[in-house]
$ cat my_file.txt   # compact mmCIF, C-alpha atoms
# COMPACT_ATOMS: atom_id res chain seq x y z
CA MET L 49 0.00 0.00 0.00
CA ALA L 50 1.31 3.43 -0.90
CA LYS L 51 2.84 5.52 1.80
CA ARG L 52 1.01 8.77 2.20
CA LYS L 53 3.24 11.78 1.83
CA LYS L 54 3.07 13.94 4.90
CA PRO L 55 1.46 17.28 4.11
CA ASP L 56 3.60 20.35 4.39
CA LYS L 57 2.70 22.39 7.41
CA PRO L 58 2.09 26.08 6.86
CA GLY L 59 5.24 26.82 8.86
CA ARG L 60 7.29 24.70 6.48
CA VAL L 61 6.46 26.75 3.39
CA ILE L 62 9.75 27.72 1.80
CA ARG L 63 10.20 31.46 1.87
CA MET L 64 12.59 33.35 -0.30
CA SER L 65 14.09 36.52 1.22
CA VAL L 66 13.82 39.36 -1.26
CA GLU L 67 16.13 41.59 0.78
CA GLN L 68 19.05 39.17 1.18
CA PRO L 69 20.68 40.27 -2.12
CA LEU L 70 20.63 43.84 -0.79
CA TRP L 71 22.60 42.80 2.28
CA ARG L 72 25.17 41.05 0.09
CA ALA L 73 25.48 44.16 -2.09
CA LEU L 74 25.89 46.34 1.01
CA THR L 75 28.70 44.09 2.28
CA GLY L 76 30.61 44.54 -0.97
CA TYR L 77 29.87 48.26 -1.07
CA ARG L 78 31.34 48.84 2.39
CA VAL L 79 34.59 47.06 1.55
CA LEU L 80 35.02 48.80 -1.81
CA THR L 81 34.26 52.27 -0.46
CA MET L 82 36.63 51.71 2.47
CA VAL L 83 39.42 50.90 0.00
CA TYR L 84 38.41 53.91 -2.11
CA ALA L 85 38.60 56.26 0.91
CA ILE L 86 42.12 55.01 1.73
CA LEU L 87 43.31 55.40 -1.87
CA LEU L 88 41.73 58.84 -2.09
CA PHE L 89 43.67 59.96 0.97
CA GLY L 90 46.86 58.33 -0.30
CA SER L 91 46.68 60.30 -3.52
CA ALA L 92 46.57 63.67 -1.70
CA TRP L 93 48.01 63.05 1.76
CA GLU L 94 50.70 65.74 1.35
CA LYS L 95 47.96 68.38 1.07
CA PHE L 96 46.57 67.55 4.53
CA VAL L 97 47.63 69.85 7.37
CA ARG L 98 47.36 67.03 9.89
CA PRO L 99 47.63 63.78 7.90
CA TRP L 100 48.18 61.71 11.03
CA VAL L 101 44.55 62.47 12.06
CA ALA L 102 43.28 61.07 8.77
CA VAL L 103 45.62 58.05 9.03
CA GLY L 104 44.36 57.23 12.52
CA TYR L 105 40.74 57.56 11.49
CA LEU L 106 41.16 55.48 8.31
CA ALA L 107 42.91 52.74 10.32
CA VAL L 108 39.93 52.59 12.66
CA LEU L 109 37.57 52.67 9.67
CA ALA L 110 39.34 49.76 7.96
CA VAL L 111 39.35 47.61 11.10
CA TRP L 112 35.70 48.43 11.80
CA THR L 113 34.60 47.68 8.24
CA LEU L 114 36.31 44.31 8.04
CA ALA L 115 35.41 43.26 11.59
CA THR L 116 31.73 44.07 11.16
CA LEU L 117 31.14 42.34 7.80
CA PRO L 118 29.03 39.62 9.52
CA ARG L 119 26.89 42.39 10.98
CA VAL L 120 25.68 43.48 7.55
CA ALA L 121 25.10 39.93 6.29
CA ASN L 122 21.41 39.89 7.23
CA ALA L 123 18.72 41.83 9.06
CA ALA L 124 19.00 39.77 12.26
CA SER L 125 22.70 40.55 12.72
CA CYS L 126 22.30 44.23 11.88
CA THR L 127 21.05 45.42 15.26
CA LYS L 128 20.07 48.94 16.29
CA ARG L 129 23.17 49.18 18.49
CA PHE L 130 25.41 48.34 15.54
CA LEU L 131 23.64 50.82 13.28
CA THR L 132 24.09 53.57 15.88
CA ALA L 133 27.81 52.83 16.26
CA ASP L 134 28.29 52.58 12.49
CA LEU L 135 26.59 55.91 11.83
CA THR L 136 28.59 57.52 14.67
CA ILE L 137 31.87 56.48 13.02
CA ALA L 138 30.68 57.96 9.74
CA LEU L 139 29.67 61.26 11.40
CA VAL L 140 32.95 61.47 13.31
CA GLY L 141 34.87 61.01 10.08
CA ILE L 142 32.94 63.87 8.45
CA LEU L 143 33.49 66.20 11.44
CA LEU L 144 37.21 65.32 11.66
CA THR L 145 37.79 66.43 8.07
CA PRO L 146 38.29 70.17 8.93
CA VAL L 147 40.81 69.11 11.58
CA ALA L 148 42.90 67.01 9.20
CA ASP L 149 42.47 68.65 5.81
CA ALA L 150 43.35 72.10 4.57
CA HIS L 151 40.63 74.73 4.71
CA SER L 152 41.16 75.66 1.09
CA ARG L 153 40.45 72.12 -0.03
CA ILE L 154 37.28 71.99 2.05
CA VAL L 155 36.03 75.30 0.65
CA ALA L 156 36.83 74.07 -2.87
CA GLY L 157 34.55 71.06 -2.33
CA GLY L 158 37.11 68.42 -1.41
CA PRO L 159 35.86 65.04 -0.13
CA THR L 160 35.48 64.16 3.52
CA ILE L 161 37.81 61.58 5.06
CA PRO L 162 35.30 58.66 4.86
CA SER L 163 34.09 59.94 1.47
CA ILE L 164 31.26 57.80 0.02
CA TRP L 165 31.70 55.13 2.72
CA THR L 166 29.22 57.20 4.73
CA ALA L 167 26.41 56.29 2.32
CA GLY L 168 26.83 52.64 3.34
CA SER L 169 25.76 53.47 6.89
CA VAL L 170 22.66 55.25 5.63
CA ILE L 171 21.80 52.38 3.28
CA ALA L 172 22.09 49.93 6.19
CA PHE L 173 19.45 51.99 8.02
CA ALA L 174 17.25 51.88 4.91
CA ILE L 175 17.46 48.10 4.47
CA LYS L 176 16.97 47.40 8.16
CA GLY L 177 14.17 49.81 9.03
CA GLY L 178 12.65 51.16 5.82
CA TRP L 179 12.32 54.68 4.50
CA ARG L 180 11.71 56.37 7.86
CA TRP L 181 14.98 55.07 9.31
CA ALA L 182 16.72 56.08 6.08
CA GLY L 183 15.34 59.61 6.34
CA PHE L 184 16.56 59.92 9.93
CA ALA L 185 20.09 58.70 9.18
CA SER L 186 20.49 60.74 6.00
CA SER L 187 19.33 63.86 7.85
CA LEU L 188 22.08 63.44 10.46
CA VAL L 189 24.65 62.99 7.69
CA ALA L 190 23.31 66.13 6.01
CA VAL L 191 23.74 68.19 9.19
CA ALA L 192 27.29 66.86 9.67
CA ASN L 193 28.21 67.77 6.08
CA ILE L 194 26.87 71.32 6.48
CA VAL L 195 28.83 71.74 9.73
CA GLU L 196 31.98 70.38 8.03
CA ARG L 197 31.66 72.82 5.10
CA GLY L 198 30.81 75.75 7.35
CA ARG L 199 27.91 76.75 5.09
CA PRO L 200 25.41 75.02 2.78
CA THR L 201 27.09 75.25 -0.62
CA GLN L 202 25.49 74.13 -3.87
CA ASP L 203 27.67 71.01 -4.12
CA THR L 204 26.94 70.10 -0.52
CA LEU L 205 23.20 70.46 -0.95
CA HIS L 206 23.38 68.44 -4.18
CA ASN L 207 25.19 65.56 -2.46
CA ILE L 208 22.90 65.70 0.54
CA LEU L 209 19.78 65.59 -1.61
CA LEU L 210 21.17 62.69 -3.65
CA VAL L 211 21.88 60.56 -0.58
CA TRP L 212 18.59 61.51 1.02
CA ILE L 213 16.45 60.57 -2.02
CA ALA L 214 18.42 57.38 -2.79
CA SER L 215 18.29 56.06 0.77
CA ILE L 216 14.58 56.80 1.21
CA ALA L 217 13.82 55.15 -2.14
CA ILE L 218 15.75 52.02 -1.11
CA GLY L 219 13.95 51.95 2.23
CA TYR L 220 10.56 52.24 0.56
CA ILE L 221 11.39 49.48 -1.92
CA VAL L 222 12.44 47.21 0.93
CA GLU L 223 9.16 47.83 2.77
CA VAL L 224 7.13 47.03 -0.36
CA ALA L 225 9.21 43.90 -0.99
CA ARG L 226 8.67 42.69 2.57
CA ALA L 227 4.92 43.22 2.31
CA SER L 228 4.85 41.32 -0.99
CA GLU L 229 6.89 38.52 0.54
CA ARG L 230 4.45 38.17 3.42
CA THR L 231 1.50 38.15 1.02
CA LEU L 232 3.14 35.48 -1.14
CA ALA L 233 3.98 33.33 1.87
CA ARG L 234 0.40 33.57 3.10
CA ALA L 235 -0.92 32.64 -0.36
CA LEU L 236 1.37 29.59 -0.46
CA GLU L 237 0.16 28.51 2.97
CA ILE L 238 -3.48 28.85 1.90
CA GLU L 239 -2.80 26.89 -1.29
CA ALA L 240 -1.07 24.11 0.63
CA ALA L 241 -3.93 23.94 3.15
CA THR L 242 -6.51 23.91 0.35
CA ARG L 243 -4.78 21.07 -1.49
CA GLU L 244 -4.56 19.02 1.70
CA ARG L 245 -8.24 19.65 2.40
CA GLU L 246 -9.12 18.50 -1.12
CA ARG L 247 -7.00 15.37 -0.70
CA LEU L 248 -8.71 14.61 2.59
CA ALA L 249 -12.13 15.21 1.03
CA ARG L 250 -11.35 12.70 -1.72
CA GLY L 251 -10.29 10.10 0.83
CA ILE L 252 -13.44 10.62 2.87
CA HIS L 253 -15.63 10.45 -0.21
CA ASP L 254 -13.99 7.18 -1.26
CA SER L 255 -14.51 5.53 2.13
CA VAL L 256 -16.64 6.97 4.93
CA LEU L 257 -19.25 8.79 2.86
CA GLN L 258 -19.76 5.83 0.55
CA VAL L 259 -20.26 3.49 3.51
CA LEU L 260 -22.78 5.85 5.11
CA ALA L 261 -24.64 6.19 1.83
CA MET L 262 -24.75 2.40 1.42
CA VAL L 263 -26.03 1.94 4.99
CA GLN L 264 -28.75 4.50 4.32
CA ARG L 265 -29.89 2.77 1.11
CA ARG L 266 -29.82 -0.73 2.58
CA GLY L 267 -31.53 0.38 5.76
CA ASN L 268 -34.37 2.05 3.87
CA ALA L 269 -34.76 -1.07 1.73
CA LEU L 270 -34.90 -3.45 4.72
CA GLY L 271 -37.27 -1.30 6.80
CA GLY L 272 -37.96 -1.72 10.50
CA GLU L 273 -35.08 -0.98 12.84
CA ALA L 274 -32.73 -1.00 9.88
CA ALA L 275 -34.65 1.97 8.46
CA GLU L 276 -33.91 3.97 11.61
CA LEU L 277 -30.23 3.02 11.30
CA GLY L 278 -30.33 4.14 7.67
CA ARG L 279 -31.88 7.45 8.66
CA MET L 280 -29.15 8.07 11.23
CA ALA L 281 -26.50 7.15 8.69
CA GLY L 282 -28.04 9.63 6.25
CA GLU L 283 -27.93 12.40 8.84
CA GLN L 284 -24.27 11.68 9.58
CA GLU L 285 -23.49 11.66 5.87
CA VAL L 286 -25.01 15.13 5.44
CA ALA L 287 -23.16 16.45 8.50
CA LEU L 288 -19.85 15.02 7.31
CA ARG L 289 -20.31 16.42 3.81
CA THR L 290 -20.94 19.84 5.32
CA LEU L 291 -17.71 19.63 7.33
CA VAL L 292 -15.71 18.53 4.29
CA SER L 293 -17.09 21.21 1.98
CA SER L 294 -16.53 23.98 4.54
CA GLY L 295 -12.98 22.88 5.35
CA LEU L 296 -13.62 22.39 9.08
CA LEU L 297 -12.14 18.92 9.23
CA PRO L 298 -8.63 18.64 10.67
CA VAL L 299 -5.86 17.51 8.35
CA GLN L 300 -5.14 14.00 9.58
CA GLY L 301 -5.88 10.35 8.88
CA GLY L 302 -4.40 7.62 6.74
CA PRO L 303 -4.32 7.14 3.00
CA PRO L 304 -7.60 6.79 1.10
CA ARG L 305 -9.03 3.33 0.63
CA GLU L 306 -10.50 1.96 -2.58
CA GLU L 307 -14.11 0.88 -2.04
CA TYR L 308 -15.33 -0.03 -5.49
CA GLY L 309 -13.72 -3.08 -7.03
CA GLY L 310 -11.51 -3.97 -4.06
CA GLY L 311 -8.29 -2.54 -5.53
CA GLU L 312 -5.58 -1.13 -3.29
CA PRO L 313 -3.26 1.72 -4.07
CA ALA L 314 -0.05 0.86 -5.76
CA GLY L 315 3.30 1.35 -4.16
CA ALA L 316 5.09 4.62 -4.34
CA GLY L 317 8.03 3.08 -6.18
CA GLY L 318 8.68 2.83 -9.93
CA PRO L 319 6.27 2.67 -12.86
CA CYS L 320 3.01 0.77 -12.50
CA ASP L 321 0.73 -0.89 -15.07
CA VAL L 322 -2.60 0.94 -14.99
CA ARG L 323 -4.37 -2.18 -16.26
CA THR L 324 -3.56 -4.13 -13.08
CA LEU L 325 -5.33 -1.50 -10.98
CA LEU L 326 -8.39 -1.39 -13.23
CA ALA L 327 -8.72 -5.14 -13.78
CA PRO L 328 -10.60 -5.82 -10.49
CA HIS L 329 -13.45 -3.62 -11.75
CA ALA L 330 -14.24 -5.91 -14.68
CA GLY L 331 -17.33 -8.04 -14.20
CA SER L 332 -20.68 -8.99 -15.64
CA ARG L 333 -21.85 -5.36 -15.81
CA ILE L 334 -18.48 -3.62 -16.27
CA THR L 335 -16.45 -4.21 -19.43
CA LEU L 336 -12.73 -3.34 -19.46
CA SER L 337 -11.01 -2.72 -22.78
CA ASP L 338 -7.26 -2.07 -22.89
CA PRO L 339 -4.49 -2.02 -25.52
CA GLY L 340 -3.31 -5.54 -24.65
CA ALA L 341 0.08 -4.26 -23.56
CA PRO L 342 1.28 -2.65 -20.32
CA VAL L 343 0.13 0.93 -19.82
CA MET L 344 2.81 2.36 -17.57
CA LEU L 345 2.60 5.42 -15.33
CA PRO L 346 4.43 6.43 -12.15
CA ALA L 347 2.91 4.52 -9.24
CA ALA L 348 1.43 7.59 -7.56
CA ALA L 349 -0.16 8.81 -10.81
CA ALA L 350 -1.51 5.34 -11.63
CA THR L 351 -3.03 5.03 -8.15
CA GLU L 352 -4.76 8.41 -8.38
CA LEU L 353 -6.07 7.60 -11.86
CA ALA L 354 -7.47 4.28 -10.62
CA SER L 355 -9.09 6.07 -7.66
CA ALA L 356 -10.77 8.52 -10.03
CA VAL L 357 -12.09 5.59 -12.11
CA SER L 358 -13.42 3.99 -8.90
CA ALA L 359 -15.22 7.21 -8.02
CA ALA L 360 -16.75 7.38 -11.51
CA LEU L 361 -17.96 3.76 -11.24
CA ASP L 362 -19.38 4.44 -7.82
CA ASN L 363 -21.39 7.29 -9.33
CA VAL L 364 -22.69 4.84 -11.95
CA ARG L 365 -23.79 2.43 -9.26
CA ARG L 366 -25.43 5.10 -7.12
CA HIS L 367 -27.19 7.14 -9.82
CA ALA L 368 -27.75 4.66 -12.65
CA GLY L 369 -28.60 1.66 -10.49
CA ASP L 370 -27.01 -1.73 -9.87
CA ASP L 371 -28.26 -3.03 -13.22
CA ALA L 372 -26.59 -0.33 -15.29
CA GLN L 373 -23.87 -1.34 -17.73
CA ALA L 374 -20.51 0.42 -17.70
CA TRP L 375 -17.52 0.34 -20.01
CA ILE L 376 -13.90 1.25 -19.23
CA LEU L 377 -11.67 2.08 -22.20
CA VAL L 378 -7.91 2.48 -21.68
CA GLU L 379 -5.92 4.28 -24.39
CA ASP L 380 -2.13 4.46 -24.36
CA GLU L 381 -1.03 7.58 -26.26
CA PRO L 382 2.59 8.73 -26.69
CA ASP L 383 2.21 11.73 -24.40
CA GLU L 384 -0.72 10.78 -22.19
CA VAL L 385 -2.89 7.98 -20.87
CA ILE L 386 -6.64 8.30 -21.46
CA VAL L 387 -9.23 6.30 -19.52
CA THR L 388 -12.89 6.69 -20.47
CA VAL L 389 -15.74 5.48 -18.26
CA ARG L 390 -19.15 5.28 -19.97
CA ASP L 391 -22.50 3.99 -18.77
CA ASP L 392 -26.00 3.48 -20.17
CA GLY L 393 -27.81 5.17 -17.30
CA PRO L 394 -30.30 8.02 -17.42
CA GLY L 395 -27.59 10.69 -17.60
CA ILE L 396 -27.13 13.77 -15.45
CA PRO L 397 -29.67 16.61 -15.65
CA GLU L 398 -28.24 19.98 -16.63
CA GLY L 399 -27.00 21.93 -13.61
CA ARG L 400 -27.12 18.93 -11.28
CA LEU L 401 -23.34 18.86 -10.74
CA ALA L 402 -23.24 22.48 -9.63
CA VAL L 403 -26.08 21.86 -7.19
CA ALA L 404 -24.38 18.73 -5.83
CA GLU L 405 -21.12 20.57 -5.28
CA GLY L 406 -22.96 23.30 -3.45
CA GLU L 407 -24.52 20.65 -1.18
CA GLY L 408 -21.08 19.25 -0.35
CA ARG L 409 -21.31 16.22 -2.64
CA LEU L 410 -17.75 16.26 -3.94
CA GLY L 411 -17.63 13.02 -5.93
CA VAL L 412 -17.07 14.69 -9.29
CA ALA L 413 -15.48 17.91 -8.03
CA GLN L 414 -12.84 16.31 -5.82
CA SER L 415 -12.62 12.53 -6.25
CA ILE L 416 -12.48 12.85 -10.05
CA ARG L 417 -11.59 16.34 -11.25
CA GLY L 418 -9.50 17.19 -8.19
CA ARG L 419 -7.36 14.10 -8.59
CA LEU L 420 -6.72 14.70 -12.27
CA ARG L 421 -5.95 18.37 -11.68
CA ASP L 422 -3.30 17.44 -9.11
CA LEU L 423 -1.71 15.15 -11.72
CA GLY L 424 -1.62 17.94 -14.27
CA GLY L 425 -4.33 16.24 -16.29
CA SER L 426 -8.01 16.83 -16.93
CA ALA L 427 -11.40 15.21 -16.46
CA GLU L 428 -14.20 15.90 -18.93
CA LEU L 429 -17.75 14.80 -18.22
CA ILE L 430 -20.31 14.50 -21.01
CA SER L 431 -23.86 13.58 -20.12
CA ILE L 432 -27.05 13.67 -22.18
CA PRO L 433 -30.28 12.96 -20.30
CA GLY L 434 -31.54 9.54 -21.33
CA GLN L 435 -28.30 8.56 -23.10
CA GLY L 436 -25.90 7.85 -20.25
CA THR L 437 -22.75 9.58 -19.02
CA GLU L 438 -19.17 9.55 -20.24
CA VAL L 439 -16.16 10.59 -18.16
CA GLU L 440 -12.84 11.05 -19.96
CA LEU L 441 -9.73 11.10 -17.77
CA LYS L 442 -6.41 12.27 -19.21
CA VAL L 443 -3.05 11.95 -17.43
CA PRO L 444 0.05 13.44 -19.12
CA ARG L 445 3.20 11.35 -18.97
CA GLY L 446 5.48 14.31 -18.32
CA LYS L 447 8.99 13.05 -17.56
CA ALA L 448 7.83 9.54 -16.75
CA GLY L 449 8.15 8.34 -20.38
CA ARG L 450 6.25 5.48 -21.82
CA GLY L 451 7.83 3.00 -19.46
CA LYS L 452 7.22 0.04 -21.71
$ encode --input "my_file.txt" --output "structure tokens"
Amino acid sequence: MAKRKKPDKPGRVIRMSVEQPLWRALTGYRVLTMVYAILLFGSAWEKFVRPWVAVGYLAVLAVWTLATLPRVANAASCTKRFLTADLTIALVGILLTPVADAHSRIVAGGPTIPSIWTAGSVIAFAIKGGWRWAGFASSLVAVANIVERGRPTQDTLHNILLVWIASIAIGYIVEVARASERTLARALEIEAATRERERLARGIHDSVLQVLAMVQRRGNALGGEAAELGRMAGEQEVALRTLVSSGLLPVQGGPPREEYGGGEPAGAGGPCDVRTLLAPHAGSRITLSDPGAPVMLPAAAATELASAVSAALDNVRRHAGDDAQAWILVEDEPDEVIVTVRDDGPGIPEGRLAVAEGEGRLGVAQSIRGRLRDLGGSAELISIPGQGTEVELKVPRGKAGRGK
């Protein structure tokens, strides 16, 4: 008997962090801008009035940048305390520039000691806390730059506005990305829960609901005390169908059992001959026609296909009567396997399936169409009142190959 695959719990839905690439980019940015600041100083160190101040600061900056690389690897490591210390180092470097560099170079628009490394601190605020944090950090950097220049020059205001807009834009994008990530994760959880509920509904329809329906029919036919038992079984069937259709049943229980024809699910191993699973259905009122050669599908797909055929035959028995004739036709195509179930019953009145699904009767919706949909296939139902019903089940081979 096939082992039932454990359903993925909502907490086990794989989530992809949309902001992780930003942290990796920030790590590289900090290292490159630290090297750039050192080279920039090295190219003009003789113009500094106190170069030893710049050397001391750049030494601290290099050690801090390399030592704190793990801190900017992800949001969890980038704490508020680290961000505060990191921004403080950037601000100190800006304010130390008038002490180390010549006044003429500062007035002419020369770079600060940390240069563009400062933007890395602001970007860290943006990635960690969004656009509000970015606005706060960039505002402090703006004030420090104005104090360093002595007055708000055009170049200073241009650089301040550039950092301010860029950091706020990055922060806003991060907030939108996080909201989208949460929405996607929630949608995946709902989809996983819905699929598990549909799988459970199919199993219940193939076992418990069919037994209750049979008890109700037999009890009504026998009469007496059996009729009361049949009535109670009918009430429980309605209650259980309501629970299944509303999704109130817990996700638990074993694998579904095959009721019609006595077949059991195939193993979850290699390819399986579909004919061996359908053969038990053949009898005096059910005719099985196959190609005369193995019709191979992966075991899980073959089992689901056989379960859908069982559900279709059960519908024949329930709605067309025990005396109805049914035919099963198996077709082995190069890219798909087609199984057609046809009967000579009275057919299905127009709109009856929609009404049945609304009442929680999920035989066609879940046990047949739901199974084929999960396999990537399709189930088409054609019914003309007075001329019987035909159900065509198609299962694509995909990567399984013909398997012959």
$ closest_residue --input "my_file.txt" --among "L:Leu260, L:Val97, L:Leu114, L:Val322" --to "Ile154 of chain L" --atoms "all atoms listed in the file"
L:Val97
$ atom_distance --input "my_file.txt" --atom1 "atom CA of Ile216 of chain L" --atom2 "atom CA of Ala185 of chain L"
9.9 Å
$ residues_near_point --input "my_file.txt" --point "(24.1, 53.4, 5.5)" --cutoff "9 Å" --atoms "only C-alpha atoms" --output "ChimeraX atom specification"
/L:74,131,134-135,165-175,182,185-186,215
$ closest_residue --input "my_file.txt" --among "L:Ala121, L:Ala138, L:Val364, L:Ile396" --to "Ile164 of chain L" --atoms "all atoms listed in the file"
L:Ala138
$ atom_distance --input "my_file.txt" --atom1 "atom CA of Ala225 of chain L" --atom2 "atom CA of Asn122 of chain L"
15.2 Å
$ decode --input "my_file.txt" --residues "segment 123-139 of chain L" --atoms "N, CA, C and O atoms" --output "PDB file, in the first residue's frame"
ATOM      1  N   ALA L 123      19.441  40.899   8.205  1.00  0.00           N
ATOM      2  CA  ALA L 123      18.717  41.828   9.063  1.00  0.00           C
ATOM      3  C   ALA L 123      18.844  41.475  10.537  1.00  0.00           C
ATOM      4  O   ALA L 123      18.856  42.360  11.396  1.00  0.00           O
ATOM      5  N   ALA L 124      18.926  40.169  10.861  1.00  0.00           N
ATOM      6  CA  ALA L 124      19.002  39.766  12.265  1.00  0.00           C
ATOM      7  C   ALA L 124      20.301  40.227  12.911  1.00  0.00           C
ATOM      8  O   ALA L 124      20.326  40.629  14.083  1.00  0.00           O
ATOM      9  N   SER L 125      21.398  40.152  12.161  1.00  0.00           N
ATOM     10  CA  SER L 125      22.697  40.547  12.719  1.00  0.00           C
ATOM     11  C   SER L 125      22.858  42.056  12.786  1.00  0.00           C
ATOM     12  O   SER L 125      23.607  42.569  13.623  1.00  0.00           O
ATOM     13  N   CYS L 126      22.172  42.768  11.928  1.00  0.00           N
ATOM     14  CA  CYS L 126      22.302  44.231  11.881  1.00  0.00           C
ATOM     15  C   CYS L 126      21.375  44.849  12.929  1.00  0.00           C
ATOM     16  O   CYS L 126      20.238  45.242  12.640  1.00  0.00           O
ATOM     17  N   THR L 127      21.864  44.942  14.152  1.00  0.00           N
ATOM     18  CA  THR L 127      21.047  45.424  15.257  1.00  0.00           C
ATOM     19  C   THR L 127      21.040  46.961  15.320  1.00  0.00           C
ATOM     20  O   THR L 127      21.831  47.632  14.652  1.00  0.00           O
ATOM     21  N   LYS L 128      20.140  47.491  16.125  1.00  0.00           N
ATOM     22  CA  LYS L 128      20.072  48.942  16.294  1.00  0.00           C
ATOM     23  C   LYS L 128      21.355  49.482  16.919  1.00  0.00           C
ATOM     24  O   LYS L 128      21.823  50.575  16.556  1.00  0.00           O
ATOM     25  N   ARG L 129      21.928  48.728  17.850  1.00  0.00           N
ATOM     26  CA  ARG L 129      23.173  49.178  18.489  1.00  0.00           C
ATOM     27  C   ARG L 129      24.297  49.285  17.467  1.00  0.00           C
ATOM     28  O   ARG L 129      25.070  50.241  17.474  1.00  0.00           O
ATOM     29  N   PHE L 130      24.380  48.290  16.574  1.00  0.00           N
ATOM     30  CA  PHE L 130      25.411  48.344  15.544  1.00  0.00           C
ATOM     31  C   PHE L 130      25.183  49.522  14.602  1.00  0.00           C
ATOM     32  O   PHE L 130      26.122  50.234  14.234  1.00  0.00           O
ATOM     33  N   LEU L 131      23.929  49.722  14.180  1.00  0.00           N
ATOM     34  CA  LEU L 131      23.641  50.825  13.277  1.00  0.00           C
ATOM     35  C   LEU L 131      24.013  52.172  13.897  1.00  0.00           C
ATOM     36  O   LEU L 131      24.559  53.063  13.223  1.00  0.00           O
ATOM     37  N   THR L 132      23.751  52.328  15.189  1.00  0.00           N
ATOM     38  CA  THR L 132      24.095  53.570  15.880  1.00  0.00           C
ATOM     39  C   THR L 132      25.602  53.782  15.893  1.00  0.00           C
ATOM     40  O   THR L 132      26.093  54.886  15.600  1.00  0.00           O
ATOM     41  N   ALA L 133      26.348  52.722  16.236  1.00  0.00           N
ATOM     42  CA  ALA L 133      27.809  52.828  16.263  1.00  0.00           C
ATOM     43  C   ALA L 133      28.366  53.090  14.869  1.00  0.00           C
ATOM     44  O   ALA L 133      29.298  53.897  14.693  1.00  0.00           O
ATOM     45  N   ASP L 134      27.800  52.425  13.860  1.00  0.00           N
ATOM     46  CA  ASP L 134      28.288  52.579  12.495  1.00  0.00           C
ATOM     47  C   ASP L 134      28.067  54.001  11.997  1.00  0.00           C
ATOM     48  O   ASP L 134      28.960  54.622  11.398  1.00  0.00           O
ATOM     49  N   LEU L 135      26.882  54.552  12.256  1.00  0.00           N
ATOM     50  CA  LEU L 135      26.594  55.913  11.834  1.00  0.00           C
ATOM     51  C   LEU L 135      27.449  56.916  12.610  1.00  0.00           C
ATOM     52  O   LEU L 135      27.876  57.941  12.062  1.00  0.00           O
ATOM     53  N   THR L 136      27.734  56.629  13.866  1.00  0.00           N
ATOM     54  CA  THR L 136      28.592  57.515  14.669  1.00  0.00           C
ATOM     55  C   THR L 136      29.988  57.607  14.074  1.00  0.00           C
ATOM     56  O   THR L 136      30.572  58.699  13.988  1.00  0.00           O
ATOM     57  N   ILE L 137      30.539  56.473  13.645  1.00  0.00           N
ATOM     58  CA  ILE L 137      31.871  56.479  13.021  1.00  0.00           C
ATOM     59  C   ILE L 137      31.857  57.311  11.744  1.00  0.00           C
ATOM     60  O   ILE L 137      32.795  58.061  11.458  1.00  0.00           O
ATOM     61  N   ALA L 138      30.787  57.174  10.965  1.00  0.00           N
ATOM     62  CA  ALA L 138      30.682  57.960   9.738  1.00  0.00           C
ATOM     63  C   ALA L 138      30.613  59.456  10.053  1.00  0.00           C
ATOM     64  O   ALA L 138      31.292  60.276   9.404  1.00  0.00           O
ATOM     65  N   LEU L 139      29.804  59.844  11.043  1.00  0.00           N
ATOM     66  CA  LEU L 139      29.672  61.260  11.404  1.00  0.00           C
ATOM     67  C   LEU L 139      30.978  61.821  11.969  1.00  0.00           C
ATOM     68  O   LEU L 139      31.355  62.967  11.664  1.00  0.00           O
TER      69      LEU L 139
END
